[in-house]
Amino acid sequence: VSVSLGELAVRFGCELRGNPDTSIERVAPLGNADACSISFLVNSRYRQQLTETHAAAVILDAASAPYCPVAALVCANPFATYARIAGILNPPPAVPPGVHATAVVAESARVDPSANIGPLCVIGERAVIGARAVIGPHCVIEDDVRVAEDVRLVARVTLCHGVTLGPRCLLHPGSVIGADGFGFAPEARKWVKVPQIGSVRLGSDVEIGANTTVDRGAIEDTLLEDGVKLDNQIQIGHNVRIGAHTAIAACTGISGSTTIGSRCQIAGMVAMGGHLDICDDVVILGTSMISHSITSPGVYCSGIPFEEARTWRRLVGHFKRLGLYAERLKKLERRAGDPPQQEEAPEQERHDD
Amino acid sequence: VSVSLGELAVRFGCELRGNPDTSIERVAPLGNADACSISFLVNSRYRQQLTETHAAAVILDAASAPYCPVAALVCANPFATYARIAGILNPPPAVPPGVHATAVVAESARVDPSANIGPLCVIGERAVIGARAVIGPHCVIEDDVRVAEDVRLVARVTLCHGVTLGPRCLLHPGSVIGADGFGFAPEARKWVKVPQIGSVRLGSDVEIGANTTVDRGAIEDTLLEDGVKLDNQIQIGHNVRIGAHTAIAACTGISGSTTIGSRCQIAGMVAMGGHLDICDDVVILGTSMISHSITSPGVYCSGIPFEEARTWRRLVGHFKRLGLYAERLKKLERRAGDPPQQEEAPEQERHDD
Amino acid sequence: VSVSLGELAVRFGCELRGNPDTSIERVAPLGNADACSISFLVNSRYRQQLTETHAAAVILDAASAPYCPVAALVCANPFATYARIAGILNPPPAVPPGVHATAVVAESARVDPSANIGPLCVIGERAVIGARAVIGPHCVIEDDVRVAEDVRLVARVTLCHGVTLGPRCLLHPGSVIGADGFGFAPEARKWVKVPQIGSVRLGSDVEIGANTTVDRGAIEDTLLEDGVKLDNQIQIGHNVRIGAHTAIAACTGISGSTTIGSRCQIAGMVAMGGHLDICDDVVILGTSMISHSITSPGVYCSGIPFEEARTWRRLVGHFKRLGLYAERLKKLERRAGDPPQQEEAPEQERHDD
């Protein structure tokens with residue numbers, strides 16, 4: 001694919017500084033670009049690299065433009081513009097419509113003629129596959145699943161019975177949508193399985209990472225709204241609801257029946273308890289333990305940065321002696337004639353269960 | 001499926017308050033139930049919803065029964081009774097016996113005539129598949145695996161060579177039982193692979209969640225006893241032993257050679273070290289780091305609930321200065337004429353390695 | 001397989017104490033070995049077991065040799081020697097070359113005649129499969145993948161387009177190499193997908209655990225050097241680089257664009273931030289949060305060992321009151337006439353972002 005700079009400028013509403021006829025064939029990082037490449041500058045920290053680039057052109061904002069030694073596409077959001085231009089220069093491979101001879105498709109399934117069903121897929125009874133959907137190799141689509149138009153399942157995706165996917169969802173290999181939630185009733189020191197009879201509904205433009213799992217609801221549906229983005233190896237429990245355009249990074253787990261608002265950003269390896277309410281526009285930093293609901297937008301965390309092991313162990317020793325230290329502090333105060341401090345219940349005891 | 005209230009009462013030993021002929025077709029939550037639905041009340045916090053329900057009947061305990069505006073099935077354990085009734089109203093789809101034409105079954109494998117082998121399964125040499133077992137699409141069952149009666153592999157389950165499953169095990173998509181444990185011997189600053197020659201044995205009624213992995217033993221077998229329940233994305237290292245009816249929530253990892261007792265409840269994203277002994281009836285809360293053995297039943301944890309980021313960072317700052325604070329405290333005490341405190345080694349240094 | 005003690009001694013350069021003609025058929029743990037088994041002693045803690053063993057012979061070091069009641073193979077590194085001997089006694093099953101009739105192989109793919117392609121594999125256009133490679137059942141190998149000689153994909157491995165594997169790599173079931181990295185540009189409170197146009201390159205002798213995911217690079221490649229060992233359920237973000245012979249335990253996540261040196265040992269459930277540099281020979285203990293770069297070899301950690309829940313909650317209460325305690329300490333000091341302490345910015349605020 002080759003596009004002229006002028007065409008890119010017009011198409012994405014950029015100010016072009018340079019020759020509009022310059023031909024662009026690929027994207028490349030600043031330090032590695034050649035005369036056929038377009039690069040981008042998102043962070044002014046990298047201006048030094050900018051001044052040394054051999055790219056044909058660079059996508060950047062007005063503040064950095066004066067430092068650009070080559071042609072420039074100037075715009076307000078260089079990263080988003082880069083993303084779109086990279087998409088044009090790297091189109092997904094064209095997939096011809098049709099059902100591969102080795103796919104096993106139930107008679108009652110309805111596959112749109114423009115859809116592609118890859119080799120060795122299994123499509124269950126009454127499943128519906130929408131227009132231009134691409135179902136990669138080795139996908140398992142159980143009975144009564146509905147896949148909307150322009151969905152892409154890369155490969156080896158499992159959609160359990162009754163799951164619904166909105167338009168343009170993109171699911172990566174190994175993801176499992178609609179496995180049973182973890183529900184058991186204790187009885188006589190054993191467990192009775194609670195049938196998981198809800199399903200999972202994904203809105204439009206949802207992306208699900210490799211080996212991520214989204215459980216079906218216990219009695220009502222698990223729900224991911226439009227534009228939700230999940231990274232790899234995330235676990236979403238039964239009856240969770242995630243609001244539109246919320247993004248979650250890898251290895252995070254959301255326990256059952258928790259509701260997360262829209263436009264939240266949740267970092268990696270966060271552990272979120274069950275039955276919580278997280279409001280819109282919340283940012284949670286990596287490795288946080290979210291044990292109670294959040295009612296105000298803001299930034300939240302609970303991770304403690306590491307230390308060299310010997311230093312850390314001393315700190316942990318002090319931590320474990322905190323009760324003792326508090327006693328000794330109180331004793332000194334008493335002796336100094338201070339009025340006794342009111343020992344209010346620690347914050348966490350109020351919301352931790 | 002449709003069942004009368006009277007039949008349900010008799011079958012599950014409930015006291016029926018209401019018309020035994022009422023026909024029940026489905027289960028539904030209190031707030032969403034109609035005249036064909038049965039609902040349930042487990043937590044008296046939801047009594048308000050109970051008083052407003054439109055369900056045909058509600059499963060509840062004697063204490064809540066007086067508040068029920070509709071028919072009631074009164075019993076000691078409403079959640080377990082709900083689970084059983086939901087199971088009757090939502091039976092798993094009937095699967096006819098037989099081997100799908102696209103399955104690849106080794107000649108020396110023995111598949112019970114009442115079992116079902118789904119499309120595109122691979123069954124290895126000398127594998128044994130028991131009566132009424134349902135092997136869903138895309139399962140890989142390697143050589144010498146033994147699957148007992150009434151096992152169900154939902155789809156895309158991998159059982160590596162020599163793995164044994166007891167009756168009624170239920171395994172969800174993407175689970176991998178019997179991959180190599182992580183064993184390497186250091187030599188000359190490289191790693192020599194230690195062959196993993198044990199296998200994995202699962203007792204009866206074990207449930208394994210989506211994308212959960214249970215490694216084969218290094219030299220003896222990894223063992224999950226009867227009724228163990230594992231949620232999604234759990235990692236069980238080689239030579240782990242888990243006692244009967246222990247349940248583990250999602251994203252938890254158990255390192256190699258650790259033994260866990262019976263009836264333990266381990267929450268999500270717990271990290272358990274290797275070579276530990278955890279006794280029966282231990283409860284571990286979410287995100288705990290279990291670095292040493294536990295010899296008494298009880299509740300254990302090590303997670304710190306989150307704060308707003310600015311507050312949290314101040315707390316971490318104080319934490320990192322704890323050594324300094326302890327010094328200053330000691331100095332004040334010395335000046336006040338206190339005898340020096342005996343600084344015993346902090347708890348953790350004794351068992352942390 | 002059966003080997004004489006003498007042959008083992010010669011082959012692995014051990015000093016043999018005992019009859020060289022003794023025939024060894026298998027490996028077994030000290031407590032469970034019989035007259036056809038060879039066992040090993042790695043840790044002098046188990047010397048009591050050594051004195052009671054019924055093994056034919058034991059692999060151990062010179063210091064433990066005097067305590068051995070049976071024949072001994074004495075060497076400097078008994079664990080590595082054990083690993084090699086166990087490998088000889090438990091050879092992987094011989095796999096005849098050839099392409100299974102049910103595999104779907106693109107016409108332009110080049111499969112070495114000595115390679116084995118298992119049942120129901122899918123091999124994409126222009127893929128290259130090297131000599132003696134074993135591609136187990138249900139693997140998906142997309143277009144333009146290059147698999148070097150002697151690679152083994154156990155089963156159900158996904159290699160996305162353009163991925164490259166060096167000689168002797170071993171990948172376990174459910175692993176996904178080359179899925180899209182998690183890259184989105186924010187725009188108008190939504191996300192624009194950033195095409196992930198790099199790929200993944202694995203050096204020689206890399207081992208990848210079950211359900212582990214290694215993302216393709218955003219613009220350049222993700223890179224795992226020779227001899228890297230990854231356990232199960234690890235997540236490697238886009239553009240990560242891992243140096244030779246580094247080993248990482250299960251459930252750990254490495255965020256995008258982080259570089260890890262050679263010969264590092266990273267324990268389980270570690271969360272490593274993005275864009276960091278970790279130097280060679282770093283050891284990181286389990287559950288650590290690595291939020292900034294590491295420039296000196298050493299041991300690092302940030303996990304706090306658990307306590308009984310009541311004790312722990314008191315400690316957390318004290319932790320949350322640390323600001324208050326610091327104030328009270330300062331007040332006492334002021335009253336005692338101490339000069340005010342300089343409250344330096346806490347360590348973590350300097351490197352945490």
# chains A, B, ... in the order shown; residues from 1 in each chain; ligands from 1
$ residues_around --residues "A:Ile141" --least-positions-apart "2" --cutoff "9 Å" --atoms "only C-alpha atoms" --output "ChimeraX atom specification"
/A:121-124,127,139,143-145,157-161,163
$ write_last_selection --atoms "N, CA and C atoms" --output "PDB file, in the first residue's frame"
ATOM      1  N   CYS A 121     -13.700 -24.764  12.039  1.00  0.00           N
ATOM      2  CA  CYS A 121     -14.619 -24.136  12.986  1.00  0.00           C
ATOM      3  C   CYS A 121     -15.806 -25.053  13.235  1.00  0.00           C
ATOM      4  N   VAL A 122     -16.415 -24.857  14.411  1.00  0.00           N
ATOM      5  CA  VAL A 122     -17.649 -25.565  14.723  1.00  0.00           C
ATOM      6  C   VAL A 122     -18.716 -24.509  15.030  1.00  0.00           C
ATOM      7  N   ILE A 123     -19.810 -24.541  14.275  1.00  0.00           N
ATOM      8  CA  ILE A 123     -20.888 -23.562  14.460  1.00  0.00           C
ATOM      9  C   ILE A 123     -22.139 -24.323  14.869  1.00  0.00           C
ATOM     10  N   GLY A 124     -22.709 -23.948  16.013  1.00  0.00           N
ATOM     11  CA  GLY A 124     -23.798 -24.726  16.591  1.00  0.00           C
ATOM     12  C   GLY A 124     -25.172 -24.404  16.010  1.00  0.00           C
ATOM     13  N   ALA A 127     -27.150 -20.782  15.456  1.00  0.00           N
ATOM     14  CA  ALA A 127     -26.208 -19.664  15.535  1.00  0.00           C
ATOM     15  C   ALA A 127     -26.405 -18.762  14.328  1.00  0.00           C
ATOM     16  N   CYS A 139     -12.365 -21.838  15.672  1.00  0.00           N
ATOM     17  CA  CYS A 139     -13.314 -21.240  16.613  1.00  0.00           C
ATOM     18  C   CYS A 139     -14.443 -22.216  16.906  1.00  0.00           C
ATOM     19  N   ASP A 143     -24.409 -23.357  20.331  1.00  0.00           N
ATOM     20  CA  ASP A 143     -25.792 -23.113  19.914  1.00  0.00           C
ATOM     21  C   ASP A 143     -26.267 -21.716  20.304  1.00  0.00           C
ATOM     22  N   ASP A 144     -27.082 -21.140  19.430  1.00  0.00           N
ATOM     23  CA  ASP A 144     -27.822 -19.913  19.739  1.00  0.00           C
ATOM     24  C   ASP A 144     -26.949 -18.683  19.949  1.00  0.00           C
ATOM     25  N   VAL A 145     -25.724 -18.742  19.507  1.00  0.00           N
ATOM     26  CA  VAL A 145     -24.860 -17.548  19.552  1.00  0.00           C
ATOM     27  C   VAL A 145     -25.266 -16.609  18.423  1.00  0.00           C
ATOM     28  N   VAL A 157     -11.271 -18.973  19.172  1.00  0.00           N
ATOM     29  CA  VAL A 157     -12.119 -18.295  20.148  1.00  0.00           C
ATOM     30  C   VAL A 157     -13.291 -19.221  20.470  1.00  0.00           C
ATOM     31  N   THR A 158     -13.713 -19.246  21.736  1.00  0.00           N
ATOM     32  CA  THR A 158     -14.873 -20.044  22.122  1.00  0.00           C
ATOM     33  C   THR A 158     -16.009 -19.119  22.557  1.00  0.00           C
ATOM     34  N   LEU A 159     -17.140 -19.229  21.887  1.00  0.00           N
ATOM     35  CA  LEU A 159     -18.346 -18.497  22.300  1.00  0.00           C
ATOM     36  C   LEU A 159     -19.351 -19.534  22.769  1.00  0.00           C
ATOM     37  N   CYS A 160     -19.657 -19.533  24.064  1.00  0.00           N
ATOM     38  CA  CYS A 160     -20.566 -20.554  24.592  1.00  0.00           C
ATOM     39  C   CYS A 160     -22.016 -20.192  24.260  1.00  0.00           C
ATOM     40  N   HIS A 161     -22.893 -21.139  24.493  1.00  0.00           N
ATOM     41  CA  HIS A 161     -24.264 -21.044  24.001  1.00  0.00           C
ATOM     42  C   HIS A 161     -24.957 -19.734  24.394  1.00  0.00           C
ATOM     43  N   VAL A 163     -24.394 -16.634  23.618  1.00  0.00           N
ATOM     44  CA  VAL A 163     -23.632 -15.378  23.695  1.00  0.00           C
ATOM     45  C   VAL A 163     -23.971 -14.480  22.505  1.00  0.00           C
TER      46      VAL A 163
END
$ interface_residues --of "chain B" --to "chain A" --cutoff "8 Å" --atoms "only C-alpha atoms" --output "PyMOL selection string"
chain B and resi 27-29+77+79-80+82-84+86-87+90+119-120+137-138+155+172-174+209-211+227+231-233+245+249-251+263+268-269+286-287+303-309+312+316+319-320+322-323+326+329+332-333+336+345-349
$ residues_around --residues "C:Arg152" --least-positions-apart "6" --cutoff "10 Å" --atoms "only C-alpha atoms" --output "PDB file with C-alpha atoms, in the first residue's frame"
ATOM      1  CA  ALA C 115       8.607 -32.778  10.436  1.00  0.00           C
ATOM      2  CA  ASN C 116       5.373 -34.062  11.924  1.00  0.00           C
ATOM      3  CA  ARG C 132      12.126 -32.720  12.824  1.00  0.00           C
ATOM      4  CA  ALA C 133       9.664 -30.141  14.158  1.00  0.00           C
ATOM      5  CA  VAL C 134       6.674 -31.714  15.913  1.00  0.00           C
ATOM      6  CA  ILE C 135       3.461 -29.747  15.576  1.00  0.00           C
ATOM      7  CA  GLY C 136       0.948 -31.372  17.930  1.00  0.00           C
ATOM      8  CA  PRO C 167      15.563 -24.177  17.147  1.00  0.00           C
ATOM      9  CA  ARG C 168      14.371 -26.486  19.923  1.00  0.00           C
ATOM     10  CA  CYS C 169      11.652 -24.184  21.266  1.00  0.00           C
ATOM     11  CA  LEU C 170       9.023 -26.033  23.300  1.00  0.00           C
ATOM     12  CA  LEU C 171       5.534 -24.532  23.556  1.00  0.00           C
ATOM     13  CA  HIS C 172       2.798 -25.918  25.768  1.00  0.00           C
ATOM     14  CA  GLU C 207      10.095 -22.778  26.582  1.00  0.00           C
TER      15      GLU C 207
END
$ residues_around --residues "B:Asp112" --least-positions-apart "4" --cutoff "9 Å" --atoms "only C-alpha atoms" --output "PDB file with N, CA and C atoms, in the first residue's frame"
ATOM      1  N   PRO B  97     -25.456 -40.376  22.201  1.00  0.00           N
ATOM      2  CA  PRO B  97     -24.167 -41.068  22.177  1.00  0.00           C
ATOM      3  C   PRO B  97     -23.626 -41.138  20.756  1.00  0.00           C
ATOM      4  N   GLY B  98     -22.325 -41.331  20.681  1.00  0.00           N
ATOM      5  CA  GLY B  98     -21.722 -41.496  19.361  1.00  0.00           C
ATOM      6  C   GLY B  98     -20.477 -40.656  19.172  1.00  0.00           C
ATOM      7  N   ASN B 116     -20.307 -39.452  24.257  1.00  0.00           N
ATOM      8  CA  ASN B 116     -20.383 -38.616  23.062  1.00  0.00           C
ATOM      9  C   ASN B 116     -19.027 -37.952  22.816  1.00  0.00           C
ATOM     10  N   VAL B 128      -9.147 -43.994  27.518  1.00  0.00           N
ATOM     11  CA  VAL B 128     -10.392 -44.658  27.895  1.00  0.00           C
ATOM     12  C   VAL B 128     -11.423 -43.577  28.226  1.00  0.00           C
ATOM     13  N   ILE B 129     -12.575 -43.632  27.560  1.00  0.00           N
ATOM     14  CA  ILE B 129     -13.630 -42.645  27.785  1.00  0.00           C
ATOM     15  C   ILE B 129     -14.838 -43.383  28.354  1.00  0.00           C
ATOM     16  N   GLY B 130     -15.256 -42.995  29.563  1.00  0.00           N
ATOM     17  CA  GLY B 130     -16.254 -43.756  30.298  1.00  0.00           C
ATOM     18  C   GLY B 130     -17.690 -43.530  29.834  1.00  0.00           C
ATOM     19  N   ALA B 131     -18.576 -44.220  30.490  1.00  0.00           N
ATOM     20  CA  ALA B 131     -19.993 -44.192  30.132  1.00  0.00           C
ATOM     21  C   ALA B 131     -20.566 -42.785  30.266  1.00  0.00           C
ATOM     22  N   ARG B 132     -21.352 -42.420  29.282  1.00  0.00           N
ATOM     23  CA  ARG B 132     -22.089 -41.146  29.292  1.00  0.00           C
ATOM     24  C   ARG B 132     -21.191 -39.917  29.352  1.00  0.00           C
ATOM     25  N   ALA B 133     -19.912 -40.091  29.190  1.00  0.00           N
ATOM     26  CA  ALA B 133     -19.030 -38.914  29.141  1.00  0.00           C
ATOM     27  C   ALA B 133     -19.375 -38.090  27.905  1.00  0.00           C
ATOM     28  N   GLU B 149     -16.839 -42.103  34.081  1.00  0.00           N
ATOM     29  CA  GLU B 149     -18.214 -41.926  33.621  1.00  0.00           C
ATOM     30  C   GLU B 149     -18.752 -40.542  33.976  1.00  0.00           C
TER      31      GLU B 149
END
$ residues_around --residues "stretch 53-65 of chain C" --least-positions-apart "6" --cutoff "8 Å" --atoms "only C-alpha atoms" --output "VMD selection string"
chain C and resid 22 24 28 30 to 42 44 47 71 to 78 81 to 82
$ residues_around --residues "B:Glu125" --least-positions-apart "3" --cutoff "6 Å" --atoms "only C-alpha atoms" --output "list of chain:residue names"
B:Ala106, B:Ser108, B:Ala109, B:Asp143
$ write_last_selection --atoms "all heavy atoms" --output "PDB file, in the first residue's frame"
ATOM      1  N   ALA B 106      -7.910 -42.630  18.103  1.00  0.00           N
ATOM      2  CA  ALA B 106      -6.907 -43.680  17.889  1.00  0.00           C
ATOM      3  C   ALA B 106      -7.564 -45.049  17.961  1.00  0.00           C
ATOM      4  O   ALA B 106      -8.529 -45.255  18.707  1.00  0.00           O
ATOM      5  CB  ALA B 106      -5.806 -43.568  18.939  1.00  0.00           C
ATOM      6  N   SER B 108      -6.570 -47.760  19.290  1.00  0.00           N
ATOM      7  CA  SER B 108      -6.477 -48.452  20.574  1.00  0.00           C
ATOM      8  C   SER B 108      -7.257 -47.755  21.689  1.00  0.00           C
ATOM      9  O   SER B 108      -7.277 -48.222  22.826  1.00  0.00           O
ATOM     10  CB  SER B 108      -5.001 -48.571  20.983  1.00  0.00           C
ATOM     11  OG  SER B 108      -4.434 -47.276  21.071  1.00  0.00           O
ATOM     12  N   ALA B 109      -7.904 -46.625  21.387  1.00  0.00           N
ATOM     13  CA  ALA B 109      -8.717 -45.951  22.405  1.00  0.00           C
ATOM     14  C   ALA B 109      -9.995 -46.747  22.633  1.00  0.00           C
ATOM     15  O   ALA B 109     -10.511 -47.384  21.722  1.00  0.00           O
ATOM     16  CB  ALA B 109      -9.050 -44.532  21.961  1.00  0.00           C
ATOM     17  N   ASP B 143      -2.514 -39.585  24.695  1.00  0.00           N
ATOM     18  CA  ASP B 143      -2.393 -41.018  24.956  1.00  0.00           C
ATOM     19  C   ASP B 143      -2.577 -41.348  26.439  1.00  0.00           C
ATOM     20  O   ASP B 143      -2.170 -40.595  27.319  1.00  0.00           O
ATOM     21  CB  ASP B 143      -0.997 -41.510  24.545  1.00  0.00           C
ATOM     22  CG  ASP B 143      -0.747 -41.331  23.049  1.00  0.00           C
ATOM     23  OD1 ASP B 143      -1.708 -41.038  22.309  1.00  0.00           O
ATOM     24  OD2 ASP B 143       0.414 -41.471  22.643  1.00  0.00           O
TER      25      ASP B 143
END
$ atom_distance --atom1 "atom CA of B:Val10" --atom2 "atom CA of B:Glu25"
17.1 Å
$ atom_distance --atom1 "atom CA of B:Ser23" --atom2 "atom CA of B:Ala94"
23.0 Å
$ select_by_dssp --residues "stretch 69-235 of chain B" --states "strand (DSSP E or B)" --output "number ranges by chain"
B: 71-74, 98-99, 104-105, 110-111, 116-117, 122-123, 128-129, 134-135, 140-141, 146-147, 152-153, 158-159, 164-165, 170-171, 176-179, 184-187, 190-193, 200-202, 207-208, 213-215, 222-224, 229-230, 235
$ decode --residues "stretch 231-240 of chain A" --atoms "all heavy atoms" --output "mmCIF file, in the first residue's frame"
data_model
loop_
_atom_site.group_PDB
_atom_site.id
_atom_site.type_symbol
_atom_site.label_atom_id
_atom_site.label_comp_id
_atom_site.auth_asym_id
_atom_site.auth_seq_id
_atom_site.Cartn_x
_atom_site.Cartn_y
_atom_site.Cartn_z
ATOM 1 N N ASP A 231 -7.624 -6.342 27.646
ATOM 2 C CA ASP A 231 -6.314 -6.894 27.294
ATOM 3 C C ASP A 231 -6.322 -8.414 27.514
ATOM 4 O O ASP A 231 -7.369 -9.015 27.763
ATOM 5 C CB ASP A 231 -5.276 -6.188 28.192
ATOM 6 C CG ASP A 231 -3.843 -6.308 27.700
ATOM 7 O OD1 ASP A 231 -3.580 -7.030 26.731
ATOM 8 O OD2 ASP A 231 -2.977 -5.651 28.320
ATOM 9 N N ASN A 232 -5.161 -9.025 27.461
ATOM 10 C CA ASN A 232 -5.027 -10.474 27.611
ATOM 11 C C ASN A 232 -5.238 -10.944 29.059
ATOM 12 O O ASN A 232 -4.971 -10.211 30.006
ATOM 13 C CB ASN A 232 -3.608 -10.926 27.237
ATOM 14 C CG ASN A 232 -3.287 -10.684 25.776
ATOM 15 O OD1 ASN A 232 -4.144 -10.271 25.004
ATOM 16 N ND2 ASN A 232 -2.051 -10.953 25.405
ATOM 17 N N GLN A 233 -5.654 -12.194 29.178
ATOM 18 C CA GLN A 233 -5.659 -12.906 30.466
ATOM 19 C C GLN A 233 -6.404 -12.145 31.561
ATOM 20 O O GLN A 233 -6.006 -12.159 32.727
ATOM 21 C CB GLN A 233 -4.226 -13.219 30.908
ATOM 22 C CG GLN A 233 -3.505 -14.091 29.896
ATOM 23 C CD GLN A 233 -2.393 -14.918 30.496
ATOM 24 O OE1 GLN A 233 -2.541 -15.456 31.596
ATOM 25 N NE2 GLN A 233 -1.297 -15.053 29.795
ATOM 26 N N ILE A 234 -7.479 -11.508 31.167
ATOM 27 C CA ILE A 234 -8.360 -10.863 32.144
ATOM 28 C C ILE A 234 -9.487 -11.826 32.476
ATOM 29 O O ILE A 234 -9.938 -12.585 31.614
ATOM 30 C CB ILE A 234 -8.912 -9.543 31.545
ATOM 31 C CG1 ILE A 234 -7.802 -8.509 31.461
ATOM 32 C CG2 ILE A 234 -10.105 -9.017 32.326
ATOM 33 C CD1 ILE A 234 -8.157 -7.270 30.706
ATOM 34 N N GLN A 235 -9.931 -11.793 33.712
ATOM 35 C CA GLN A 235 -11.055 -12.636 34.121
ATOM 36 C C GLN A 235 -12.220 -11.729 34.536
ATOM 37 O O GLN A 235 -12.064 -10.859 35.406
ATOM 38 C CB GLN A 235 -10.640 -13.539 35.294
ATOM 39 C CG GLN A 235 -11.750 -13.946 36.239
ATOM 40 C CD GLN A 235 -12.774 -14.902 35.606
ATOM 41 O OE1 GLN A 235 -12.642 -15.299 34.460
ATOM 42 N NE2 GLN A 235 -13.807 -15.226 36.348
ATOM 43 N N ILE A 236 -13.368 -11.919 33.883
ATOM 44 C CA ILE A 236 -14.567 -11.151 34.209
ATOM 45 C C ILE A 236 -15.595 -12.131 34.772
ATOM 46 O O ILE A 236 -16.035 -13.047 34.070
ATOM 47 C CB ILE A 236 -15.144 -10.463 32.948
ATOM 48 C CG1 ILE A 236 -14.069 -9.597 32.251
ATOM 49 C CG2 ILE A 236 -16.381 -9.651 33.289
ATOM 50 C CD1 ILE A 236 -13.641 -8.374 33.016
ATOM 51 N N GLY A 237 -15.973 -11.946 36.021
ATOM 52 C CA GLY A 237 -16.889 -12.866 36.684
ATOM 53 C C GLY A 237 -18.335 -12.720 36.210
ATOM 54 O O GLY A 237 -18.684 -11.785 35.480
ATOM 55 N N HIS A 238 -19.173 -13.610 36.688
ATOM 56 C CA HIS A 238 -20.564 -13.604 36.236
ATOM 57 C C HIS A 238 -21.302 -12.346 36.699
ATOM 58 O O HIS A 238 -21.089 -11.848 37.790
ATOM 59 C CB HIS A 238 -21.322 -14.860 36.652
ATOM 60 C CG HIS A 238 -21.221 -15.260 38.081
ATOM 61 N ND1 HIS A 238 -21.723 -16.457 38.525
ATOM 62 C CD2 HIS A 238 -20.682 -14.661 39.153
ATOM 63 C CE1 HIS A 238 -21.497 -16.561 39.812
ATOM 64 N NE2 HIS A 238 -20.870 -15.489 40.220
ATOM 65 N N ASN A 239 -22.164 -11.861 35.805
ATOM 66 C CA ASN A 239 -23.039 -10.718 36.102
ATOM 67 C C ASN A 239 -22.303 -9.403 36.289
ATOM 68 O O ASN A 239 -22.871 -8.421 36.772
ATOM 69 C CB ASN A 239 -23.920 -11.005 37.325
ATOM 70 C CG ASN A 239 -24.847 -12.170 37.075
ATOM 71 O OD1 ASN A 239 -24.601 -13.277 37.528
ATOM 72 N ND2 ASN A 239 -25.874 -11.928 36.303
ATOM 73 N N VAL A 240 -21.052 -9.376 35.893
ATOM 74 C CA VAL A 240 -20.350 -8.089 35.854
ATOM 75 C C VAL A 240 -20.952 -7.241 34.737
ATOM 76 O O VAL A 240 -21.408 -7.769 33.720
ATOM 77 C CB VAL A 240 -18.837 -8.316 35.626
ATOM 78 C CG1 VAL A 240 -18.116 -7.042 35.210
ATOM 79 C CG2 VAL A 240 -18.205 -8.904 36.879
#
